[in-house]
file protein37.cif (mmCIF, C-alpha atoms)
data_coords
loop_
_atom_site.label_atom_id
_atom_site.label_comp_id
_atom_site.auth_asym_id
_atom_site.auth_seq_id
_atom_site.Cartn_x
_atom_site.Cartn_y
_atom_site.Cartn_z
CA MET A 120 -66.98 -204.58 203.62
CA THR A 121 -66.35 -207.14 206.35
CA SER A 122 -64.74 -205.78 209.50
CA ILE A 123 -63.06 -207.25 212.55
CA ASP A 124 -66.26 -206.40 214.47
CA ASP A 125 -68.20 -208.75 212.18
CA VAL A 126 -65.72 -211.54 212.84
CA ALA A 127 -65.98 -211.00 216.61
CA LYS A 128 -69.80 -211.09 216.51
CA LEU A 129 -69.96 -214.28 214.44
CA ALA A 130 -67.34 -216.03 216.59
CA GLY A 131 -69.01 -214.83 219.79
CA VAL A 132 -65.83 -213.27 221.19
CA SER A 133 -64.41 -209.81 221.79
CA ILE A 134 -62.59 -207.72 219.19
CA ALA A 135 -59.48 -207.96 221.38
CA THR A 136 -59.65 -211.77 221.23
CA VAL A 137 -59.94 -211.71 217.45
CA SER A 138 -56.92 -209.40 217.30
CA ARG A 139 -54.88 -211.74 219.52
CA VAL A 140 -55.74 -214.69 217.27
CA LEU A 141 -54.95 -212.88 214.01
CA ASN A 142 -51.66 -211.50 215.31
CA ASN A 143 -50.73 -214.62 217.32
CA ARG A 144 -50.20 -212.61 220.50
CA GLY A 145 -51.35 -213.53 223.99
CA TYR A 146 -53.11 -216.70 225.14
CA VAL A 147 -56.30 -217.83 223.43
CA SER A 148 -57.67 -221.36 223.78
CA GLU A 149 -57.53 -223.61 220.73
CA LYS A 150 -61.32 -223.93 220.73
CA THR A 151 -61.66 -220.15 220.51
CA LYS A 152 -58.99 -219.90 217.81
CA LEU A 153 -60.89 -222.41 215.70
CA LYS A 154 -64.11 -220.36 216.10
CA VAL A 155 -62.34 -217.15 215.08
CA TRP A 156 -60.72 -218.65 211.98
CA GLU A 157 -64.02 -220.31 211.03
CA ALA A 158 -65.67 -216.87 211.19
CA VAL A 159 -62.83 -215.39 209.11
CA ARG A 160 -63.40 -218.04 206.45
CA LYS A 161 -67.19 -217.67 206.37
CA LEU A 162 -67.06 -213.88 206.12
CA GLY A 163 -64.13 -213.75 203.71
CA TYR A 164 -62.35 -211.35 206.04
CA ARG A 165 -58.81 -210.41 205.01
CA PRO A 166 -56.83 -209.82 208.22
CA GLN A 167 -53.96 -207.36 208.09
CA ILE A 168 -51.20 -209.21 209.91
CA SER A 169 -48.70 -206.40 209.37
CA ALA A 170 -48.13 -204.09 206.41
CA LYS A 171 -44.38 -204.40 206.87
CA THR A 172 -44.46 -208.18 207.16
CA LEU A 173 -46.75 -208.63 204.18
CA ALA A 174 -44.92 -206.21 201.90
CA SER A 175 -44.31 -208.78 199.19
CA LYS A 176 -47.02 -209.44 196.60
CA LYS A 177 -45.51 -212.72 195.47
CA LEU A 178 -47.55 -215.92 195.73
CA PHE A 179 -45.29 -218.56 197.27
CA ARG A 180 -45.55 -222.21 196.34
CA VAL A 181 -45.16 -224.28 199.51
CA GLY A 182 -45.01 -228.05 199.95
CA LEU A 183 -46.87 -229.51 202.95
CA VAL A 184 -44.77 -232.59 203.58
CA ILE A 185 -46.09 -235.51 205.62
CA SER A 186 -44.85 -239.08 205.90
CA ASP A 187 -46.78 -242.20 204.94
CA ARG A 188 -47.18 -242.84 208.68
CA ILE A 189 -48.82 -239.48 209.35
CA GLY A 190 -50.96 -239.91 206.26
CA ARG A 191 -52.33 -243.09 207.83
CA LEU A 192 -52.73 -241.36 211.18
CA LEU A 193 -54.88 -238.65 209.61
CA LYS A 194 -57.37 -241.32 208.58
CA SER A 195 -57.78 -242.60 212.15
CA GLU A 196 -58.47 -241.37 215.68
CA THR A 197 -54.76 -240.95 216.29
CA GLY A 198 -54.50 -238.22 213.66
CA ASN A 199 -56.32 -235.43 215.50
CA PHE A 200 -53.07 -233.77 216.60
CA TYR A 201 -51.79 -233.28 213.07
CA ALA A 202 -55.26 -232.54 211.72
CA ILE A 203 -55.41 -229.44 213.93
CA VAL A 204 -51.89 -228.36 212.92
CA LEU A 205 -52.81 -228.72 209.25
CA GLU A 206 -56.10 -226.88 209.79
CA ALA A 207 -54.20 -223.91 211.21
CA ILE A 208 -51.87 -223.90 208.19
CA LYS A 209 -54.79 -223.99 205.75
CA ASP A 210 -56.61 -221.23 207.66
CA VAL A 211 -53.78 -218.72 207.24
CA GLU A 212 -52.14 -219.76 203.98
CA GLU A 213 -53.99 -217.12 201.92
CA THR A 214 -53.10 -214.40 204.42
CA PHE A 215 -49.41 -215.15 203.90
CA ARG A 216 -49.87 -215.65 200.15
CA PHE A 217 -49.05 -219.36 200.22
CA SER A 218 -50.23 -221.81 197.62
CA THR A 219 -49.81 -225.15 199.41
CA THR A 220 -49.45 -228.58 197.83
CA PRO A 221 -49.55 -231.86 199.81
CA MET A 222 -46.40 -233.93 199.43
CA ILE A 223 -45.35 -237.36 200.71
CA LEU A 224 -42.00 -237.45 202.51
CA GLU A 225 -40.96 -240.82 201.10
CA SER A 226 -41.57 -239.87 197.46
CA PRO A 227 -41.09 -236.11 197.13
CA ASN A 228 -40.91 -234.01 194.00
CA PRO A 229 -39.46 -230.80 195.50
CA LYS A 230 -38.54 -228.97 192.31
CA GLY A 231 -40.36 -225.72 191.64
CA PHE A 232 -41.27 -224.95 195.26
CA ASP A 233 -40.26 -221.88 197.26
CA GLY A 234 -40.43 -223.56 200.65
CA PHE A 235 -41.55 -226.55 202.66
CA LEU A 236 -43.32 -227.25 205.93
CA LEU A 237 -42.24 -230.72 207.11
CA ILE A 238 -44.98 -231.96 209.46
CA GLY A 239 -44.12 -234.54 212.15
CA SER A 240 -40.96 -236.22 213.33
CA ASP A 241 -40.36 -238.87 210.66
CA ALA A 242 -37.91 -236.99 208.44
CA THR A 243 -34.25 -237.96 208.73
CA ALA A 244 -31.41 -235.43 208.54
CA GLU A 245 -30.71 -236.58 204.99
CA GLN A 246 -34.32 -236.04 203.92
CA VAL A 247 -34.42 -232.58 205.50
CA GLU A 248 -31.18 -231.60 203.78
CA LEU A 249 -32.63 -232.70 200.44
CA PHE A 250 -35.54 -230.28 200.82
CA CYS A 251 -33.14 -227.53 201.88
CA LYS A 252 -31.49 -227.76 198.47
CA TYR A 253 -34.72 -226.67 196.79
CA GLY A 254 -36.19 -224.08 199.16
CA LYS A 255 -36.62 -222.75 202.67
CA VAL A 256 -37.63 -225.33 205.30
CA VAL A 257 -39.45 -225.19 208.62
CA LEU A 258 -39.91 -228.35 210.68
CA VAL A 259 -43.20 -228.68 212.56
CA ASP A 260 -43.25 -230.88 215.69
CA HIS A 261 -39.74 -232.06 214.88
CA TYR A 262 -36.15 -231.25 215.79
CA ILE A 263 -32.90 -232.87 214.67
CA ASP A 264 -29.78 -232.45 216.78
CA GLY A 265 -27.03 -230.43 215.13
CA LEU A 266 -28.89 -229.63 211.91
CA GLY A 267 -29.67 -225.97 212.65
CA ILE A 268 -32.99 -225.91 210.78
CA ASP A 269 -35.88 -223.65 211.78
CA CYS A 270 -38.47 -225.59 213.72
CA VAL A 271 -41.60 -225.19 215.84
CA VAL A 272 -42.05 -227.73 218.63
CA SER A 273 -43.87 -228.21 221.94
CA ASP A 274 -41.83 -228.41 225.13
CA GLY A 275 -42.53 -231.99 226.12
CA TYR A 276 -39.51 -232.13 228.40
CA ASP A 277 -40.65 -229.21 230.54
CA GLY A 278 -44.30 -230.31 230.56
CA VAL A 279 -43.68 -233.83 231.83
CA TYR A 280 -40.96 -232.61 234.21
CA ARG A 281 -43.38 -230.18 235.86
CA VAL A 282 -46.12 -232.80 236.18
CA VAL A 283 -43.75 -235.24 237.89
CA GLN A 284 -42.55 -232.49 240.22
CA HIS A 285 -46.16 -231.66 241.11
CA LEU A 286 -46.96 -235.31 241.85
CA VAL A 287 -43.87 -235.82 243.99
CA GLN A 288 -44.69 -232.71 246.01
CA LYS A 289 -48.07 -234.31 246.75
CA GLY A 290 -46.26 -237.36 248.15
CA ILE A 291 -46.75 -239.59 245.09
CA GLU A 292 -43.66 -241.60 244.14
CA ASN A 293 -44.83 -244.63 242.16
CA ILE A 294 -45.01 -242.90 238.79
CA VAL A 295 -44.63 -244.94 235.59
CA HIS A 296 -44.10 -243.58 232.07
CA LEU A 297 -45.69 -245.37 229.11
CA HIS A 298 -44.12 -243.91 225.98
CA GLY A 299 -44.18 -244.34 222.24
CA PRO A 300 -41.14 -245.31 220.14
CA LEU A 301 -38.21 -243.07 221.11
CA ARG A 302 -37.04 -242.62 217.53
CA PHE A 303 -39.67 -239.87 217.35
CA TYR A 304 -38.54 -236.50 218.70
CA GLY A 305 -41.69 -235.73 220.70
CA PHE A 306 -41.75 -239.05 222.54
CA LYS A 307 -38.03 -238.81 223.28
CA ASP A 308 -38.38 -235.25 224.62
CA ARG A 309 -41.19 -236.26 226.99
CA TYR A 310 -39.29 -239.35 228.09
CA ARG A 311 -36.24 -237.22 228.97
CA GLY A 312 -38.38 -234.88 231.06
CA TYR A 313 -39.83 -237.80 233.01
CA VAL A 314 -36.45 -239.47 233.64
CA GLU A 315 -34.77 -236.23 234.73
CA ALA A 316 -37.59 -235.32 237.13
CA MET A 317 -37.62 -238.77 238.72
CA GLN A 318 -33.86 -238.86 239.13
CA ARG A 319 -33.67 -235.36 240.62
CA ASN A 320 -36.15 -236.48 243.24
CA GLY A 321 -34.15 -239.60 244.07
CA LEU A 322 -36.73 -241.89 242.44
CA LEU A 323 -36.23 -244.76 240.03
CA PRO A 324 -37.58 -244.01 236.52
CA VAL A 325 -39.81 -246.87 235.33
CA CYS A 326 -40.55 -246.78 231.60
CA TYR A 327 -42.36 -249.05 229.19
CA GLU A 328 -42.57 -248.65 225.41
CA TYR A 329 -45.78 -249.10 223.46
CA ASP A 330 -46.36 -248.55 219.74
CA ASP A 331 -49.94 -247.29 219.45
CA LEU A 332 -50.03 -248.02 215.71
CA HIS A 333 -48.99 -251.66 215.81
CA GLU A 334 -49.60 -253.10 219.29
CA GLU A 335 -52.46 -253.95 221.63
CA ILE A 336 -52.27 -252.13 224.94
CA ALA A 337 -53.45 -254.95 227.23
CA PRO A 338 -50.15 -256.91 227.30
CA VAL A 339 -48.02 -253.91 228.28
CA LEU A 340 -50.54 -252.82 230.95
CA LYS A 341 -50.55 -256.34 232.41
CA LYS A 342 -46.78 -256.17 232.67
CA ILE A 343 -46.83 -252.71 234.28
CA PHE A 344 -49.34 -253.63 236.95
CA ARG A 345 -47.87 -257.10 237.53
CA ASP A 346 -44.38 -255.77 238.12
CA ARG A 347 -45.09 -253.01 240.64
CA LYS A 348 -47.51 -250.80 242.48
CA THR A 349 -48.39 -247.91 240.18
CA GLN A 350 -50.06 -244.76 241.48
CA VAL A 351 -49.79 -242.67 238.31
CA LEU A 352 -49.40 -243.67 234.67
CA ILE A 353 -48.06 -240.82 232.51
CA CYS A 354 -48.55 -241.58 228.81
CA SER A 355 -46.69 -239.87 225.99
CA ASN A 356 -49.84 -239.07 224.04
CA ASP A 357 -53.60 -238.97 224.60
CA ILE A 358 -54.39 -241.95 222.39
CA ILE A 359 -52.21 -244.19 224.56
CA ALA A 360 -53.73 -242.70 227.71
CA ILE A 361 -57.33 -243.15 226.51
CA ARG A 362 -56.68 -246.76 225.56
CA ALA A 363 -55.12 -247.32 228.96
CA LEU A 364 -58.11 -245.72 230.69
CA LYS A 365 -60.61 -247.92 228.87
CA GLN A 366 -58.60 -251.11 229.43
CA LEU A 367 -58.04 -250.46 233.13
CA ARG A 368 -61.71 -249.68 233.69
CA SER A 369 -62.68 -252.90 231.93
CA TRP A 370 -60.48 -254.75 234.43
CA GLY A 371 -62.26 -253.11 237.35
CA TYR A 372 -59.74 -250.40 238.24
CA LYS A 373 -61.24 -247.24 239.71
CA ILE A 374 -59.88 -244.09 238.11
CA PRO A 375 -58.29 -242.11 239.77
CA GLU A 376 -58.74 -243.88 243.14
CA ASP A 377 -56.68 -246.95 242.17
CA VAL A 378 -54.48 -245.28 239.57
CA SER A 379 -54.30 -241.87 237.90
CA VAL A 380 -53.83 -241.65 234.14
CA ILE A 381 -52.32 -238.60 232.43
CA GLY A 382 -51.95 -238.02 228.69
CA PHE A 383 -50.20 -235.54 226.43
CA ASP A 384 -51.48 -233.33 223.56
CA ASP A 385 -55.08 -232.54 224.63
CA ILE A 386 -56.77 -233.77 221.47
CA PRO A 387 -60.61 -233.41 221.35
CA GLN A 388 -61.18 -236.97 222.65
CA ALA A 389 -59.27 -236.13 225.84
CA GLU A 390 -61.99 -233.76 226.99
CA ARG A 391 -64.73 -236.26 226.13
CA GLU A 392 -62.97 -238.94 228.18
CA SER A 393 -62.26 -236.45 231.02
CA LEU A 394 -58.57 -237.24 230.66
CA SER A 395 -56.03 -235.14 232.53
CA THR A 396 -53.38 -234.15 230.02
CA LEU A 397 -50.73 -231.69 228.94
CA ARG A 398 -52.12 -229.32 226.34
CA VAL A 399 -49.98 -228.70 223.26
CA GLN A 400 -50.82 -225.49 221.42
CA LYS A 401 -51.35 -227.33 218.15
CA TYR A 402 -53.12 -224.54 216.32
CA GLU A 403 -50.49 -222.01 217.35
CA MET A 404 -47.80 -224.44 216.23
CA GLY A 405 -49.23 -224.50 212.71
CA PHE A 406 -49.71 -220.72 212.59
CA SER A 407 -46.19 -220.05 213.88
CA ALA A 408 -44.67 -222.40 211.32
CA VAL A 409 -46.42 -220.58 208.45
CA LYS A 410 -45.36 -217.19 209.81
CA ARG A 411 -41.74 -218.31 210.21
CA LEU A 412 -41.57 -219.78 206.71
CA TYR A 413 -42.97 -216.53 205.32
CA GLU A 414 -40.27 -214.54 207.11
CA LEU A 415 -37.60 -216.77 205.58
CA LEU A 416 -39.12 -216.46 202.11
CA ILE A 417 -39.10 -212.64 202.20
CA GLY A 418 -35.58 -212.53 203.61
CA HIS A 419 -36.31 -211.65 207.26
CA GLY A 420 -34.62 -213.37 210.21
CA HIS A 421 -31.92 -215.34 208.44
CA HIS A 422 -30.56 -216.92 211.63
CA PRO A 423 -32.40 -220.22 212.25
CA TYR A 424 -34.15 -220.79 215.54
CA ARG A 425 -36.13 -223.39 217.44
CA MET A 426 -39.47 -222.05 218.66
CA CYS A 427 -40.56 -224.07 221.67
CA LEU A 428 -44.17 -223.67 222.84
CA TYR A 429 -44.74 -224.49 226.49
CA THR A 430 -47.51 -226.90 227.42
CA ASN A 431 -49.92 -226.47 230.30
CA PHE A 432 -51.48 -229.12 232.51
CA ILE A 433 -55.23 -229.63 232.15
CA LYS A 434 -56.58 -231.47 235.18
CA ARG A 435 -59.67 -233.57 234.66
CA SER A 436 -61.17 -236.52 236.53
CA SER A 437 -58.60 -239.16 235.48
CA SER A 438 -55.99 -237.92 237.98
CA VAL A 439 -55.84 -236.96 241.65
#
call {"tool": "encode", "arguments": {"input": "protein37.cif", "output": "structure tokens"}}
result
Amino acid sequence: MTSIDDVAKLAGVSIATVSRVLNNRGYVSEKTKLKVWEAVRKLGYRPQISAKTLASKKLFRVGLVISDRIGRLLKSETGNFYAIVLEAIKDVEETFRFSTTPMILESPNPKGFDGFLLIGSDATAEQVELFCKYGKVVLVDHYIDGLGIDCVVSDGYDGVYRVVQHLVQKGIENIVHLHGPLRFYGFKDRYRGYVEAMQRNGLLPVCYEYDDLHEEIAPVLKKIFRDRKTQVLICSNDIIAIRALKQLRSWGYKIPEDVSVIGFDDIPQAERESLSTLRVQKYEMGFSAVKRLYELLIGHGHHPYRMCLYTNFIKRSSSV
């Protein structure tokens, strides 16, 4: 019979680390979490999350709801964020007795499901309320003002705010924010953190919008660097930041001597490009969403809440 010791040996980590991953307690890097869950899968290990929590023997039918936009993202380099979230969900679905079915937000068939995980920030309040009529709902990487629906998000506001504060304390004031469309919750949250931090330090917020799905980055970068001296470019996701890095280098800019570039998310490409970034706990986000939906399905914790996972700054060679 497979034991937790076997999982630890195969993953190359301690038993304590395996326990932290399985019970979602304490900090473990995403890379290590992936190794642990890969070992769990290979060995067929059945982790005991909690006898009390897993009292029900019912198999729950759960819809994994993504938009057409995120479906396209998952087929490209920009989809790594949601790919990791979905991987976490798939890794633990059997543990929580979920039978998951992919579903498209724009053309749902929600009848016959016990609950739904709505992935990403495309769903409108009306769409969310429709799913709520058919089952329990947890939003993943999304929040809608005033709706009072359970959700798991990253704290983009706090992350960007702290980075700006750190830069200003080092005497850097010419900080520009290049953000995605603000109709998306995550981009708006990061934008708010940047603006608030700049204003509290008596500095003028300078923001430019760029749609990484539909636009080339060169024109907006030309405008940014034509209009003003820029010491640091904070981008609202890593894909934008990596494109900016490559374009600026092609124009002869030295990174970080001429300009620092900082991203957000810490997708796998960020490490390969040595991009400084804010790490979102993507795997933990997926795990926490599954756990919360399970609690709702078995009647625990009726009062809805917003779980907000703090980010942490990962300094690499793209920033001073």
call {"tool": "resolve_selection", "arguments": {"input": "protein37.cif", "expression": "the PyMOL selection byres ((chain A and resi 232) around 12)", "output": "ChimeraX atom specification"}}
result
/A:178-184,217-222,227-231,233-236,250-256,416
call {"tool": "atom_distance", "arguments": {"input": "protein37.cif", "atom1": "CA of Val325 (chain A)", "atom2": "CA of Val295 (chain A)"}}
result
5.2 Å
call {"tool": "resolve_selection", "arguments": {"input": "protein37.cif", "expression": "the PyMOL selection byres ((chain A and resi 198-201) around 8)", "output": "count of residues only"}}
result
18
call {"tool": "axis_aligned_box", "arguments": {"input": "protein37.cif", "around": "region 284-295 of chain A", "padding_each_side": "6 Å", "output": "JSON"}}
result
{"center_x": -45.3, "center_y": -238.3, "center_z": 241.9, "size_x": 17.5, "size_y": 25.3, "size_z": 24.6}
call {"tool": "closest_residue", "arguments": {"input": "protein37.cif", "among": "A:Arg435, A:His422, A:Lys150, A:Lys342", "to": "Ile268 (chain A)", "atoms": "only C-alpha atoms"}}
result
A:His422
call {"tool": "resolve_selection", "arguments": {"input": "protein37.cif", "expression": "the PyMOL selection byres ((chain A and resi 357) around 7)", "output": "VMD selection string"}}
result
chain A and resid 356 358 to 361 382 to 386 389
call {"tool": "residues_around", "arguments": {"input": "protein37.cif", "residues": "region 129-146 of chain A", "least_positions_apart": "6", "cutoff": "8 Å", "atoms": "all atoms listed in the file", "output": "list of chain:residue names"}}
result
A:Ile123, A:Lys152, A:Lys154, A:Val155, A:Glu157, A:Ala158, A:Pro166, A:Ile168, A:Glu403, A:Phe406, A:Ser407
call {"tool": "atom_distance", "arguments": {"input": "protein37.cif", "atom1": "CA of Lys434 (chain A)", "atom2": "CA of Pro375 (chain A)"}}
result
11.7 Å
call {"tool": "closest_residue", "arguments": {"input": "protein37.cif", "among": "A:Arg309, A:Arg362, A:His419, A:Arg398", "to": "Leu332 (chain A)", "atoms": "only C-alpha atoms"}}
result
A:Arg362
call {"tool": "atom_distance", "arguments": {"input": "protein37.cif", "atom1": "CA of Gly312 (chain A)", "atom2": "CA of Arg368 (chain A)"}}
result
27.8 Å
call {"tool": "closest_residue", "arguments": {"input": "protein37.cif", "among": "A:Val439, A:Leu301, A:Ser273, A:Asp377", "to": "Gln400 (chain A)", "atoms": "only C-alpha atoms"}}
result
A:Ser273
call {"tool": "closest_residue", "arguments": {"input": "protein37.cif", "among": "A:Glu225, A:Glu315, A:Val351, A:Gln284", "to": "Leu249 (chain A)", "atoms": "all atoms listed in the file"}}
result
A:Glu225
